[in-house]
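Colleague: So here's final.cif, just mmCIF, C-alpha atoms and all ligand atoms:
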data_work
#
loop_
_atom_site.label_atom_id
_atom_site.label_comp_id
_atom_site.auth_asym_id
_atom_site.auth_seq_id
_atom_site.Cartn_x
_atom_site.Cartn_y
_atom_site.Cartn_z
CA MET X 8 -75.40 -113.02 112.31
CA LEU X 9 -73.64 -110.05 113.90
CA GLU X 10 -75.31 -110.83 117.24
CA LEU X 11 -74.15 -114.43 116.92
CA THR X 12 -70.55 -113.32 116.32
CA THR X 13 -70.69 -111.00 119.32
CA LEU X 14 -72.01 -113.85 121.44
CA ILE X 15 -69.21 -116.14 120.32
CA VAL X 16 -66.53 -113.51 120.96
CA ALA X 17 -68.02 -112.76 124.38
CA ALA X 18 -68.12 -116.45 125.10
CA SER X 19 -64.55 -117.32 124.23
CA ASP X 20 -62.98 -115.78 127.34
CA SER X 21 -65.03 -117.74 129.86
CA ASP X 22 -66.28 -121.30 130.25
CA TRP X 23 -69.69 -120.23 128.93
CA PRO X 24 -70.39 -122.68 126.06
CA GLY X 25 -70.99 -120.03 123.41
CA TRP X 26 -69.09 -122.07 120.82
CA LEU X 27 -72.21 -124.27 120.71
CA LEU X 28 -73.83 -121.56 118.61
CA ALA X 29 -71.64 -122.66 115.69
CA ALA X 30 -73.56 -125.96 115.64
CA GLY X 31 -76.18 -124.70 113.17
CA PRO X 32 -73.92 -123.38 110.37
CA VAL X 33 -71.32 -126.11 110.85
CA GLY X 34 -73.97 -128.85 110.89
CA ALA X 35 -75.69 -127.56 107.74
CA ALA X 36 -72.41 -127.17 105.83
CA SER X 37 -71.12 -130.59 106.89
CA PHE X 38 -74.33 -132.29 105.83
CA TYR X 39 -74.31 -130.53 102.45
CA TRP X 40 -70.67 -131.47 101.85
CA ALA X 41 -71.12 -135.12 102.93
CA VAL X 42 -74.11 -135.68 100.62
CA TRP X 43 -72.42 -133.90 97.71
CA MET X 44 -69.33 -136.11 98.02
CA ALA X 45 -71.36 -139.31 98.34
CA TYR X 46 -73.24 -138.48 95.12
CA ARG X 47 -70.67 -136.70 92.98
CA ASN X 48 -67.46 -138.35 94.25
CA THR X 49 -65.34 -135.47 92.98
CA ASN X 50 -62.63 -136.24 95.56
CA LYS X 51 -62.09 -139.80 94.37
CA SER X 52 -59.27 -141.15 92.22
CA HIS X 53 -57.21 -144.31 91.90
CA SER X 54 -54.63 -144.41 94.72
CA TYR X 55 -51.75 -145.48 92.50
CA GLU X 56 -49.20 -144.58 95.23
CA ARG X 57 -50.40 -147.54 97.27
CA GLU X 58 -51.96 -149.90 94.74
CA THR X 59 -49.18 -150.10 92.14
CA GLU X 60 -46.83 -153.07 92.32
CA VAL X 61 -43.49 -151.62 93.46
CA VAL X 62 -40.21 -153.26 94.49
CA VAL X 63 -37.76 -151.13 96.48
CA SER X 64 -34.08 -152.04 96.77
CA ASN X 65 -30.81 -150.57 98.09
CA MET X 66 -32.56 -148.29 100.59
CA THR X 67 -30.04 -146.04 102.31
CA GLY X 68 -30.36 -142.81 104.24
CA GLY X 69 -30.07 -141.17 107.59
CA ASP X 70 -32.04 -139.92 110.55
CA VAL X 71 -29.85 -137.35 112.29
CA LYS X 72 -31.02 -135.30 115.25
CA VAL X 73 -30.40 -131.65 114.39
CA GLY X 74 -32.30 -129.83 117.12
CA GLU X 75 -35.35 -129.51 119.33
CA ASN X 76 -38.72 -127.91 118.91
CA ASN X 77 -39.88 -127.36 122.50
CA GLY X 78 -42.97 -125.64 123.82
CA THR X 79 -44.88 -125.70 120.56
CA ARG X 80 -48.68 -125.69 120.50
CA ASN X 81 -48.79 -127.46 117.11
CA ARG X 82 -49.77 -131.11 117.25
CA TRP X 83 -47.84 -131.81 114.01
CA ILE X 84 -44.54 -130.69 112.47
CA GLN X 85 -44.82 -127.31 110.72
CA GLY X 86 -45.65 -127.80 107.02
CA ARG X 87 -46.36 -131.50 107.37
CA ASN X 88 -46.66 -133.14 103.92
CA ASP X 89 -45.94 -136.86 104.37
CA ASP X 90 -49.67 -137.43 103.81
CA LYS X 91 -49.63 -135.57 100.46
CA PRO X 92 -47.34 -137.61 98.18
CA ARG X 93 -48.87 -136.08 95.01
CA GLN X 94 -47.95 -132.52 95.99
CA ARG X 95 -44.74 -131.70 94.10
CA LEU X 96 -42.01 -130.00 96.12
CA MET Q 15 -37.25 -149.87 75.24
CA LEU Q 16 -40.51 -149.03 73.54
CA THR Q 17 -42.95 -151.75 72.58
CA THR Q 18 -45.87 -149.48 71.87
CA GLY Q 19 -47.89 -150.38 68.79
CA VAL Q 20 -47.25 -147.79 66.15
CA SER Q 21 -48.33 -149.60 63.00
CA ASP Q 22 -51.66 -148.83 61.35
CA ILE Q 23 -54.61 -151.14 61.59
CA ASP Q 24 -54.11 -153.85 58.97
CA GLU Q 25 -56.41 -154.77 56.10
CA GLN Q 26 -57.91 -157.80 57.81
CA ALA Q 27 -59.32 -155.51 60.44
CA SER Q 28 -60.94 -153.09 58.00
CA HIS Q 29 -64.28 -153.55 59.74
CA ILE Q 30 -62.78 -151.66 62.66
CA VAL Q 31 -63.42 -147.99 61.98
CA THR Q 32 -62.98 -144.79 63.96
CA ILE Q 33 -65.77 -142.24 63.94
CA LYS Q 34 -65.81 -138.73 65.32
CA CYS Q 35 -69.00 -138.27 67.34
CA GLN Q 36 -70.96 -135.24 66.19
CA GLY Q 37 -72.57 -134.94 69.59
CA CYS Q 38 -69.55 -134.63 71.83
CA GLY Q 39 -66.48 -134.91 69.59
CA ALA Q 40 -65.25 -138.21 71.05
CA GLU Q 41 -63.26 -140.45 68.70
CA VAL Q 42 -65.08 -143.73 68.98
CA VAL Q 43 -63.79 -147.00 67.53
CA ILE Q 44 -66.47 -149.48 66.43
CA ASN Q 45 -66.74 -152.86 64.80
CA THR Q 46 -68.96 -152.44 61.73
CA GLU Q 47 -69.45 -156.22 61.42
CA SER Q 48 -71.50 -156.48 64.58
CA GLN Q 49 -72.74 -152.92 65.02
CA LEU Q 50 -74.96 -151.45 62.35
CA GLN Q 51 -76.32 -148.62 64.47
CA ALA Q 52 -73.58 -147.79 66.92
CA ARG Q 53 -74.05 -145.15 69.56
CA CYS Q 54 -71.40 -142.99 71.18
CA HIS Q 55 -70.56 -144.53 74.56
CA TRP Q 56 -70.20 -141.08 76.07
CA CYS Q 57 -73.25 -139.12 74.94
CA ARG Q 58 -75.34 -141.91 73.33
CA GLN Q 59 -75.69 -140.04 70.03
CA THR Q 60 -76.05 -142.33 66.99
CA LEU Q 61 -72.74 -142.44 65.11
CA SER Q 62 -72.70 -141.61 61.43
CA GLN Q 63 -70.31 -143.37 59.04
CA GLN Q 64 -69.98 -140.00 57.29
CA THR Q 65 -67.68 -138.71 59.99
CA GLN Q 66 -65.16 -141.53 59.79
CA ILE Q 67 -61.56 -140.55 60.59
CA PRO Q 68 -58.33 -142.55 60.20
CA ASN Q 69 -57.75 -145.30 62.72
CA GLY Q 70 -55.07 -144.73 65.31
CA ALA Q 71 -52.23 -147.05 66.20
CA VAL Q 72 -53.05 -150.69 66.83
CA PRO Q 73 -52.96 -151.49 70.55
CA ASP Q 74 -50.43 -154.06 71.75
CA ALA Q 75 -52.75 -155.82 74.14
CA VAL Q 76 -56.32 -156.14 75.30
CA LEU Q 77 -57.84 -157.28 78.58
CA PRO Q 78 -61.12 -159.04 77.68
CA PHE Q 79 -64.37 -158.34 79.50
CA HIS Q 80 -65.11 -160.72 82.36
CA LEU Q 81 -68.22 -159.08 83.86
CA THR Q 82 -71.35 -159.65 81.76
CA HIS Q 83 -73.81 -156.96 80.67
CA ALA Q 84 -76.35 -158.27 83.21
CA GLN Q 85 -73.82 -158.04 86.04
CA ALA Q 86 -72.88 -154.52 85.00
CA VAL Q 87 -76.55 -153.48 84.93
CA GLU Q 88 -76.90 -154.80 88.47
CA GLN Q 89 -73.81 -152.85 89.67
CA VAL Q 90 -75.07 -149.61 88.11
CA ARG Q 91 -78.54 -150.14 89.60
CA LYS Q 92 -77.11 -150.79 93.08
CA PHE Q 93 -74.85 -147.74 92.89
CA ALA Q 94 -77.70 -145.41 91.85
CA ASN Q 95 -80.28 -146.89 94.24
CA LYS Q 96 -78.09 -146.01 97.22
CA ARG Q 97 -78.17 -142.41 96.02
CA ARG Q 98 -81.84 -141.80 95.22
CA LEU Q 99 -82.92 -139.33 97.89
CA PHE Q 100 -81.05 -136.26 96.64
CA ALA Q 101 -80.68 -137.28 92.99
CA LEU Q 102 -82.00 -135.01 90.27
CA LYS Q 103 -85.62 -135.92 89.52
CA LYS Q 104 -84.98 -136.12 85.77
CA PHE Q 105 -82.08 -138.50 86.34
CA LYS Q 106 -84.33 -140.84 88.33
CA GLN Q 107 -87.11 -140.67 85.74
CA GLU Q 108 -84.78 -141.43 82.85
CA PHE Q 109 -82.70 -144.01 84.73
CA THR Q 110 -82.21 -147.02 82.44
CA PRO Q 111 -79.31 -149.14 83.70
CA GLU Q 112 -79.76 -151.49 80.72
CA ASN Q 113 -78.19 -148.71 78.63
CA VAL Q 114 -74.80 -149.46 80.17
CA VAL Q 115 -72.32 -150.10 77.33
CA GLY Q 116 -69.02 -151.95 77.21
CA VAL Q 117 -66.08 -149.78 76.17
CA TYR Q 118 -62.43 -150.71 75.68
CA MET Q 119 -60.61 -147.70 77.10
CA PRO Q 120 -57.07 -146.98 75.88
CA TYR Q 121 -54.29 -146.86 78.44
CA LEU Q 122 -50.52 -147.00 78.43
CA LEU Q 123 -48.97 -149.43 80.89
CA VAL Q 124 -45.52 -148.44 82.12
CA ASP Q 125 -42.86 -150.56 83.73
CA GLY Q 126 -40.23 -148.28 85.16
CA ASN Q 127 -36.83 -148.57 86.78
CA ALA Q 128 -35.79 -145.54 88.78
CA HIS Q 129 -33.66 -144.08 91.53
CA ALA Q 130 -35.07 -141.63 94.08
CA ASP Q 131 -33.55 -139.16 96.55
CA ILE Q 132 -35.96 -137.70 99.09
CA ALA Q 133 -35.02 -135.44 102.00
CA GLY Q 134 -36.67 -133.39 104.69
CA PHE Q 135 -37.30 -133.14 108.43
CA GLY Q 136 -39.20 -135.26 110.91
CA GLU Q 137 -40.20 -134.75 114.53
CA ILE Q 138 -40.58 -137.12 117.46
CA LYS Q 139 -42.58 -136.06 120.49
CA THR Q 140 -40.58 -136.11 123.75
CA ARG Q 141 -43.08 -134.49 126.12
CA GLN Q 142 -46.68 -133.28 126.23
CA TYR Q 143 -48.00 -131.01 129.00
CA GLN Q 144 -50.67 -128.46 129.81
CA ARG Q 145 -50.36 -124.92 131.05
CA GLY Q 146 -52.86 -122.32 132.21
CA SER Q 147 -55.67 -122.05 134.72
CA ASP Q 148 -58.11 -124.88 135.38
CA ASN Q 149 -60.69 -123.87 132.81
CA ASN Q 150 -58.35 -122.40 130.21
CA LYS Q 151 -55.73 -125.04 129.60
CA THR Q 152 -53.44 -125.16 126.60
CA THR Q 153 -51.54 -128.24 125.46
CA TYR Q 154 -47.84 -127.87 124.63
CA TYR Q 155 -45.43 -130.28 123.00
CA ASP Q 156 -41.68 -130.81 123.12
CA ALA Q 157 -40.11 -132.56 120.15
CA ASP Q 158 -36.77 -133.70 118.78
CA VAL Q 159 -36.10 -132.59 115.21
CA TYR Q 160 -34.38 -134.98 112.79
CA GLN Q 161 -32.94 -134.45 109.34
CA VAL Q 162 -34.21 -137.33 107.22
CA THR Q 163 -32.75 -138.57 103.94
CA ARG Q 164 -33.75 -141.56 101.84
CA SER Q 165 -32.05 -142.84 98.72
CA PHE Q 166 -33.22 -145.99 96.94
CA ASP Q 167 -33.82 -147.86 93.70
CA PHE Q 168 -37.27 -149.09 92.75
CA THR Q 169 -39.21 -150.70 89.96
CA VAL Q 170 -42.88 -150.14 89.19
CA ASP Q 171 -44.98 -152.66 87.37
CA ASP Q 172 -47.90 -151.79 85.08
CA LEU Q 173 -48.49 -148.23 86.18
CA THR Q 174 -51.68 -147.42 84.25
CA ILE Q 175 -52.03 -144.06 82.49
CA GLU Q 176 -54.92 -142.64 80.43
CA SER Q 177 -53.92 -142.31 76.77
CA SER Q 178 -57.00 -140.54 75.41
CA SER Q 179 -56.48 -136.81 75.85
CA ALA Q 180 -60.16 -136.12 76.47
CA ARG Q 181 -60.23 -138.70 79.28
CA ALA Q 182 -56.87 -137.67 80.70
CA ASN Q 183 -58.40 -134.31 81.65
CA GLN Q 184 -59.32 -134.91 85.31
CA ASN Q 185 -60.76 -131.48 86.10
CA THR Q 186 -63.79 -132.35 88.25
CA LYS Q 187 -65.35 -128.93 87.57
CA GLN Q 188 -65.58 -129.77 83.85
CA ASN Q 189 -66.15 -133.52 83.77
CA THR Q 190 -66.51 -136.72 85.77
CA ASN Q 191 -63.55 -138.57 84.22
CA ASN Q 192 -62.18 -139.04 87.73
CA VAL Q 193 -64.80 -141.74 88.42
CA ILE Q 194 -63.40 -143.79 85.51
CA ASN Q 195 -59.91 -143.33 86.94
CA THR Q 196 -61.14 -144.50 90.36
CA ILE Q 197 -62.13 -148.01 89.18
CA LEU Q 198 -58.46 -148.82 88.47
CA PRO Q 199 -56.58 -151.11 89.00
CA PHE Q 200 -57.14 -153.90 86.51
CA ASP Q 201 -55.49 -157.34 86.53
CA THR Q 202 -53.33 -156.22 83.62
CA LYS Q 203 -51.17 -159.35 83.96
CA ASN Q 204 -53.98 -161.24 82.21
CA ALA Q 205 -54.01 -159.00 79.13
CA VAL Q 206 -53.58 -160.84 75.83
CA ARG Q 207 -52.14 -159.82 72.47
CA TYR Q 208 -54.57 -157.48 70.69
CA ASP Q 209 -56.90 -159.03 68.16
CA ALA Q 210 -59.73 -157.13 66.45
CA ASN Q 211 -62.06 -160.04 67.23
CA TYR Q 212 -62.17 -158.99 70.88
CA MET Q 213 -64.04 -155.87 69.81
CA GLY Q 214 -67.28 -157.79 69.20
CA ASP Q 215 -70.21 -155.58 70.22
CA PHE Q 216 -68.04 -153.27 72.24
CA THR Q 217 -66.85 -149.86 71.24
CA SER Q 218 -63.45 -148.43 71.93
CA GLU Q 219 -61.83 -145.06 72.11
CA ARG Q 220 -58.94 -143.90 69.96
CA ARG Q 221 -55.64 -143.43 71.73
CA ASP Q 222 -54.38 -139.97 70.81
CA LEU Q 223 -51.56 -139.56 73.31
CA ASN Q 224 -48.15 -141.06 72.71
CA VAL Q 225 -45.41 -142.00 75.15
CA GLU Q 226 -43.74 -138.59 74.97
CA GLU Q 227 -46.97 -136.84 75.88
CA VAL Q 228 -47.79 -138.99 78.91
CA MET Q 229 -44.18 -139.09 80.13
CA PRO Q 230 -44.64 -136.09 82.48
CA VAL Q 231 -47.62 -137.85 84.09
CA ALA Q 232 -45.66 -141.10 84.43
CA HIS Q 233 -42.72 -139.21 85.91
CA SER Q 234 -44.89 -137.42 88.45
CA GLN Q 235 -46.71 -140.60 89.45
CA MET Q 236 -43.40 -142.41 89.97
CA LEU Q 237 -42.19 -139.52 92.10
CA SER Q 238 -45.39 -139.75 94.18
CA ILE Q 239 -44.76 -143.47 94.61
CA ALA Q 240 -41.18 -142.72 95.70
CA ARG Q 241 -42.43 -140.17 98.26
CA GLN Q 242 -44.87 -142.74 99.63
CA LYS Q 243 -42.13 -145.37 99.89
CA ALA Q 244 -39.81 -142.90 101.64
CA THR Q 245 -42.56 -142.06 104.14
CA ASP Q 246 -43.34 -145.75 104.69
CA SER Q 247 -39.70 -146.31 105.71
CA THR Q 248 -39.91 -143.80 108.60
CA ARG Q 249 -41.51 -143.52 112.02
CA TYR Q 250 -42.06 -139.92 113.08
CA ASP Q 251 -45.06 -139.50 115.35
CA ARG Q 252 -45.30 -135.76 114.65
CA GLY Q 253 -44.99 -136.33 110.92
CA LEU Q 254 -42.51 -135.26 108.24
CA ARG Q 255 -41.95 -132.22 106.11
CA TRP Q 256 -40.30 -133.43 102.90
CA GLU Q 257 -38.39 -130.56 101.32
CA SER Q 258 -36.65 -132.03 98.32
CA GLU Q 259 -37.33 -134.87 95.92
CA ALA Q 260 -35.54 -136.12 92.83
CA LEU Q 261 -36.21 -138.96 90.47
CA GLU Q 262 -33.78 -140.46 87.98
CA LEU Q 263 -35.61 -142.62 85.46
CA LYS Q 264 -33.23 -145.30 84.26
CA GLY Q 265 -35.58 -147.07 81.93
CA THR Q 266 -39.19 -147.49 80.93
CA ARG Q 267 -41.09 -150.06 78.96
CA TRP Q 268 -44.50 -149.21 77.50
CA VAL Q 269 -47.47 -151.26 76.36
CA ALA Q 270 -50.57 -149.80 74.71
CA VAL Q 271 -53.53 -151.67 76.12
CA LEU Q 272 -57.33 -151.62 75.96
CA LEU Q 273 -59.04 -152.11 79.33
CA PRO Q 274 -62.70 -153.16 79.73
CA VAL Q 275 -65.10 -150.63 81.28
CA TRP Q 276 -68.89 -150.76 81.51
CA LEU Q 277 -70.13 -147.23 81.20
CA TYR Q 278 -73.45 -145.61 82.01
CA SER Q 279 -73.69 -141.98 81.03
CA TYR Q 280 -76.20 -139.25 81.84
CA TYR Q 281 -76.25 -135.92 80.09
CA GLU Q 282 -77.33 -133.21 82.53
CA LYS Q 283 -78.71 -130.12 80.80
CA LYS Q 284 -78.38 -127.25 83.24
CA SER Q 285 -80.78 -124.35 83.50
CA ASP Q 286 -78.15 -121.96 82.09
CA GLY Q 287 -78.07 -124.03 78.90
CA SER Q 288 -74.74 -125.73 79.57
CA ALA Q 289 -74.40 -129.50 79.76
CA PHE Q 290 -72.52 -131.78 82.11
CA LEU Q 291 -71.80 -135.47 81.58
CA HIS Q 292 -72.13 -137.82 84.54
CA TYR Q 293 -70.75 -141.33 84.42
CA ILE Q 294 -71.20 -144.49 86.39
CA ALA Q 295 -68.28 -146.78 85.52
CA VAL Q 296 -67.91 -150.47 86.32
CA ASN Q 297 -64.57 -152.24 86.09
CA GLY Q 298 -65.16 -154.97 83.47
CA ARG Q 299 -62.93 -157.38 85.40
CA THR Q 300 -63.40 -156.75 89.12
CA GLY Q 301 -66.83 -155.11 89.17
CA GLU Q 302 -65.50 -152.14 91.18
CA THR Q 303 -68.03 -149.36 90.62
CA MET Q 304 -67.77 -145.59 90.92
CA GLY Q 305 -69.99 -142.85 89.62
CA SER Q 306 -71.29 -139.35 89.67
CA ILE Q 307 -75.00 -138.83 90.33
CA PRO Q 308 -76.45 -135.38 89.54
CA VAL Q 309 -77.69 -133.72 92.75
CA SER Q 310 -80.88 -131.74 93.16
CA VAL Q 311 -79.29 -128.67 94.74
CA PRO Q 312 -82.54 -126.98 95.95
CA LYS Q 313 -83.60 -130.17 97.75
CA LEU Q 314 -80.18 -130.69 99.33
CA LEU Q 315 -80.00 -127.02 100.40
CA LEU Q 316 -83.45 -127.21 101.99
CA VAL Q 317 -82.61 -130.33 104.03
CA ALA Q 318 -79.17 -128.99 105.03
CA LEU Q 319 -80.71 -125.69 106.21
CA THR Q 320 -83.43 -127.55 108.12
CA ILE Q 321 -80.82 -129.64 109.91
CA GLY Q 322 -78.81 -126.50 110.64
CA THR Q 323 -81.88 -124.73 112.04
CA VAL Q 324 -82.76 -127.64 114.35
CA LEU Q 325 -79.16 -127.88 115.62
CA GLU Q 326 -79.04 -124.11 116.15
CA GLY Q 327 -82.31 -124.25 118.11
CA ILE Q 328 -80.89 -126.87 120.45
CA ALA Q 329 -77.63 -124.92 120.81
CA ILE Q 330 -79.45 -121.67 121.66
CA ALA Q 331 -81.62 -123.48 124.22
CA ILE Q 332 -78.53 -124.92 125.95
CA VAL Q 333 -76.61 -121.63 125.90
CA ALA Q 334 -79.62 -119.60 127.12
CA ASN Q 335 -80.17 -121.93 130.06
CA PHE Q 336 -76.53 -122.17 131.03
ZN ZN N 1 -70.58 -138.54 71.77
#
Starting from the file, lay out its structure as structure tokens.

Modeller:
Amino acid sequence: MLELTTLIVAASDSDWPGWLLAAGPVGAASFYWAVWMAYRNTNKSHSYERETEVVVSNMTGGDVKVGENNGTRNRWIQGRNDDKPRQRL
Amino acid sequence: MLTTGVSDIDEQASHIVTIKCQGCGAEVVINTESQLQARCHWCRQTLSQQTQIPNGAVPDAVLPFHLTHAQAVEQVRKFANKRRLFALKKFKQEFTPENVVGVYMPYLLVDGNAHADIAGFGEIKTRQYQRGSDNNKTTYYDADVYQVTRSFDFTVDDLTIESSSARANQNTKQNTNNVINTILPFDTKNAVRYDANYMGDFTSERRDLNVEEVMPVAHSQMLSIARQKATDSTRYDRGLRWESEALELKGTRWVAVLLPVWLYSYYEKKSDGSAFLHYIAVNGRTGETMGSIPVSVPKLLLVALTIGTVLEGIAIAIVANF
């Protein structure tokens, strides 16, 4: 395993495809996880946020530009949570 | 306004009794007129009349079964057959889908009227570019940052909340109650006024949570709904970071209801002596099915490691010949 790590570290600063060596561990773990979820379904629950009958009225609010975030390497806004409605703030 | 049934079961329904299961402690409601030898719908232990406990509150409404026993057997069989390869050997040997039983599960339905205030920040991408040498490029983004606020009224209709404390525990490390939660929703609009005659051959479970006790759950679920509605009203291609949320509940209306679930249970005895209950649950109205099938961990590990070894072999061959 140590050799593997050394190989990966050595590989990362060139175009040598050393990252391929992660295929074994990643593949085994992904397969294990996928089968476990298909059988045990521990990540499933009723999506009440979307499936409950809801009527919204009097929607008000604002979208005000307050600044810029230029030159960032992040694909998404820092601390994005619009996809986690159950997480209390 | 509260319309939850709080009166005791009346004399005419004296054949409806509640029994504490000596196997697993569940409080099972049975109809003694049609069931002489009732079994616990959770652990399948035979229920003894000796351990009778007082009946709980009478439910307000019941949603009768629509799916037949035969249809439920078929759903359970289909669900398990798709998951045979890595299933525990003992589970496959003992698999008897005909053992699926009809259970009226207690829920509280909530209609709510609320006001929500949600605020945070959103970003819109203005530019995307790459920097660095040819074979070591990094992608950068420019974005405009917006302060986002949403304030609105909303009503929810028939939000459905578990009202049996044992079933409300959704810790997937301890139980598989989450699979019963997953087969929601039900067409609760078609529920009828409760009548003990609907019990027939089915069992039921005593409701032991009252409105006060499930209020925090209802509040949190309504807040989640509000967050989802706030998000739905925006368009930020780099997403949002909500930072504050507030819900003002103006009014709620509650109905205690029994909902029809076909339940297949399997008691897994682990090598360390502990036990774990797996369920396959079928919605007694829509047929939606969800379950937990015990996994043979050694078998799954072996196959996962084999796949990993093959992939690693290919990877090493490619890297070595690069
Ligand atoms: Zn039991």

Colleague: Return as JSON lines the residues of chain Q lying at most 6 Å from ligand ZN 1 (chain N), together with the closest atom-to-atom pair for each and the distance in Å to one decimal, counting all atoms listed in the file, with rows in chain order and ascending residue number.

Modeller:
{"residue": "Q:Cys35", "atom": "CA", "partner": "N:ZN1", "partner_atom": "ZN", "distance": 4.7}
{"residue": "Q:Gly37", "atom": "CA", "partner": "N:ZN1", "partner_atom": "ZN", "distance": 4.7}
{"residue": "Q:Cys38", "atom": "CA", "partner": "N:ZN1", "partner_atom": "ZN", "distance": 4.0}
{"residue": "Q:Gly39", "atom": "CA", "partner": "N:ZN1", "partner_atom": "ZN", "distance": 5.9}
{"residue": "Q:Ala40", "atom": "CA", "partner": "N:ZN1", "partner_atom": "ZN", "distance": 5.4}
{"residue": "Q:Cys54", "atom": "CA", "partner": "N:ZN1", "partner_atom": "ZN", "distance": 4.6}
{"residue": "Q:Trp56", "atom": "CA", "partner": "N:ZN1", "partner_atom": "ZN", "distance": 5.0}
{"residue": "Q:Cys57", "atom": "CA", "partner": "N:ZN1", "partner_atom": "ZN", "distance": 4.2}
{"residue": "Q:Gln59", "atom": "CA", "partner": "N:ZN1", "partner_atom": "ZN", "distance": 5.6}

Colleague: Mind pulling up the distance from atom CA of Q:Gly265 to atom CA of Q:Tyr118?

Modeller: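 Spanning atom CA of Q:Tyr118 to atom CA of Q:Gly265 is a straight-line distance of 27.8 Å.
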
Colleague: Return as a PyMOL selection string the residues belonging to chain X that are within 7 Å of chain Q, counting all atoms listed in the file.

Modeller: chain X and resi 22+24-25+27-28+30-32+34-35+38-39+46-49+51-53+56+59-80+82-84+86-89+92-93+96

Colleague: Specify the axis-aligned box that encloses all atoms of stretch 45-55 of chain Q listed in the file after padding of 6 Å on each side, stating its centre and edge lengths in Å to one decimal as lines of an AutoDock Vina configuration file.

Modeller:
center_x = -71.5
center_y = -149.7
center_z = 68.0
size_x = 21.6
size_y = 25.5
size_z = 25.1

Colleague: Which residue is closest to Q:Thr60? Choose from Q:Lys313, Q:His80, Q:Lys283, Q:Lys34 and count all atoms listed in the file.

Modeller: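 Ranking Q:Lys313, Q:His80, Q:Lys283, Q:Lys34 by distance to Q:Thr60, first place goes to Q:Lys34.
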
Colleague: How far is it from atom CA of Q:Gly116 to atom CA of Q:Ala289, in Å with one decimal?

Modeller: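 A separation of 23.2 Å between them.
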
Colleague: Between atom CA of Q:Asp286 and atom CA of Q:Phe109, what is the distance, to one decimal in Å?

Modeller: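 Straight-line distance from atom CA of Q:Asp286 to atom CA of Q:Phe109 works out to 22.7 Å.
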
Colleague: Would you save stretch 72-82 of chain Q to a file, keeping N, CA, C and O atoms, as a PDB file, in the first residue's frame?

Modeller:
ATOM      1  N   VAL Q  72     -59.270   5.995  20.453  1.00  0.00           N
ATOM      2  CA  VAL Q  72     -59.893   5.543  19.211  1.00  0.00           C
ATOM      3  C   VAL Q  72     -59.398   6.431  18.075  1.00  0.00           C
ATOM      4  O   VAL Q  72     -59.380   7.652  18.211  1.00  0.00           O
ATOM      5  N   PRO Q  73     -58.997   5.838  16.952  1.00  0.00           N
ATOM      6  CA  PRO Q  73     -58.588   6.676  15.818  1.00  0.00           C
ATOM      7  C   PRO Q  73     -59.791   7.421  15.240  1.00  0.00           C
ATOM      8  O   PRO Q  73     -60.929   6.998  15.418  1.00  0.00           O
ATOM      9  N   ASP Q  74     -59.523   8.533  14.575  1.00  0.00           N
ATOM     10  CA  ASP Q  74     -60.607   9.272  13.926  1.00  0.00           C
ATOM     11  C   ASP Q  74     -61.004   8.620  12.607  1.00  0.00           C
ATOM     12  O   ASP Q  74     -62.161   8.617  12.239  1.00  0.00           O
ATOM     13  N   ALA Q  75     -60.007   8.116  11.901  1.00  0.00           N
ATOM     14  CA  ALA Q  75     -60.271   7.656  10.538  1.00  0.00           C
ATOM     15  C   ALA Q  75     -59.437   6.433  10.197  1.00  0.00           C
ATOM     16  O   ALA Q  75     -58.442   6.125  10.868  1.00  0.00           O
ATOM     17  N   VAL Q  76     -59.853   5.738   9.164  1.00  0.00           N
ATOM     18  CA  VAL Q  76     -59.128   4.567   8.692  1.00  0.00           C
ATOM     19  C   VAL Q  76     -59.165   4.559   7.166  1.00  0.00           C
ATOM     20  O   VAL Q  76     -60.152   4.961   6.554  1.00  0.00           O
ATOM     21  N   LEU Q  77     -58.055   4.154   6.574  1.00  0.00           N
ATOM     22  CA  LEU Q  77     -57.988   4.009   5.124  1.00  0.00           C
ATOM     23  C   LEU Q  77     -57.979   2.506   4.840  1.00  0.00           C
ATOM     24  O   LEU Q  77     -57.011   1.828   5.150  1.00  0.00           O
ATOM     25  N   PRO Q  78     -59.087   1.971   4.300  1.00  0.00           N
ATOM     26  CA  PRO Q  78     -59.193   0.511   4.156  1.00  0.00           C
ATOM     27  C   PRO Q  78     -58.169  -0.062   3.163  1.00  0.00           C
ATOM     28  O   PRO Q  78     -57.713   0.628   2.263  1.00  0.00           O
ATOM     29  N   PHE Q  79     -57.851  -1.338   3.365  1.00  0.00           N
ATOM     30  CA  PHE Q  79     -56.944  -2.010   2.437  1.00  0.00           C
ATOM     31  C   PHE Q  79     -57.580  -2.079   1.050  1.00  0.00           C
ATOM     32  O   PHE Q  79     -58.777  -2.287   0.911  1.00  0.00           O
ATOM     33  N   HIS Q  80     -56.747  -1.910   0.030  1.00  0.00           N
ATOM     34  CA  HIS Q  80     -57.199  -2.032  -1.349  1.00  0.00           C
ATOM     35  C   HIS Q  80     -56.483  -3.226  -1.987  1.00  0.00           C
ATOM     36  O   HIS Q  80     -57.093  -4.037  -2.679  1.00  0.00           O
ATOM     37  N   LEU Q  81     -55.185  -3.343  -1.733  1.00  0.00           N
ATOM     38  CA  LEU Q  81     -54.386  -4.454  -2.245  1.00  0.00           C
ATOM     39  C   LEU Q  81     -54.754  -5.727  -1.484  1.00  0.00           C
ATOM     40  O   LEU Q  81     -54.832  -5.719  -0.261  1.00  0.00           O
ATOM     41  N   THR Q  82     -54.937  -6.828  -2.203  1.00  0.00           N
ATOM     42  CA  THR Q  82     -55.279  -8.091  -1.552  1.00  0.00           C
ATOM     43  C   THR Q  82     -54.018  -8.778  -1.026  1.00  0.00           C
ATOM     44  O   THR Q  82     -52.902  -8.419  -1.389  1.00  0.00           O
TER      45      THR Q  82
END
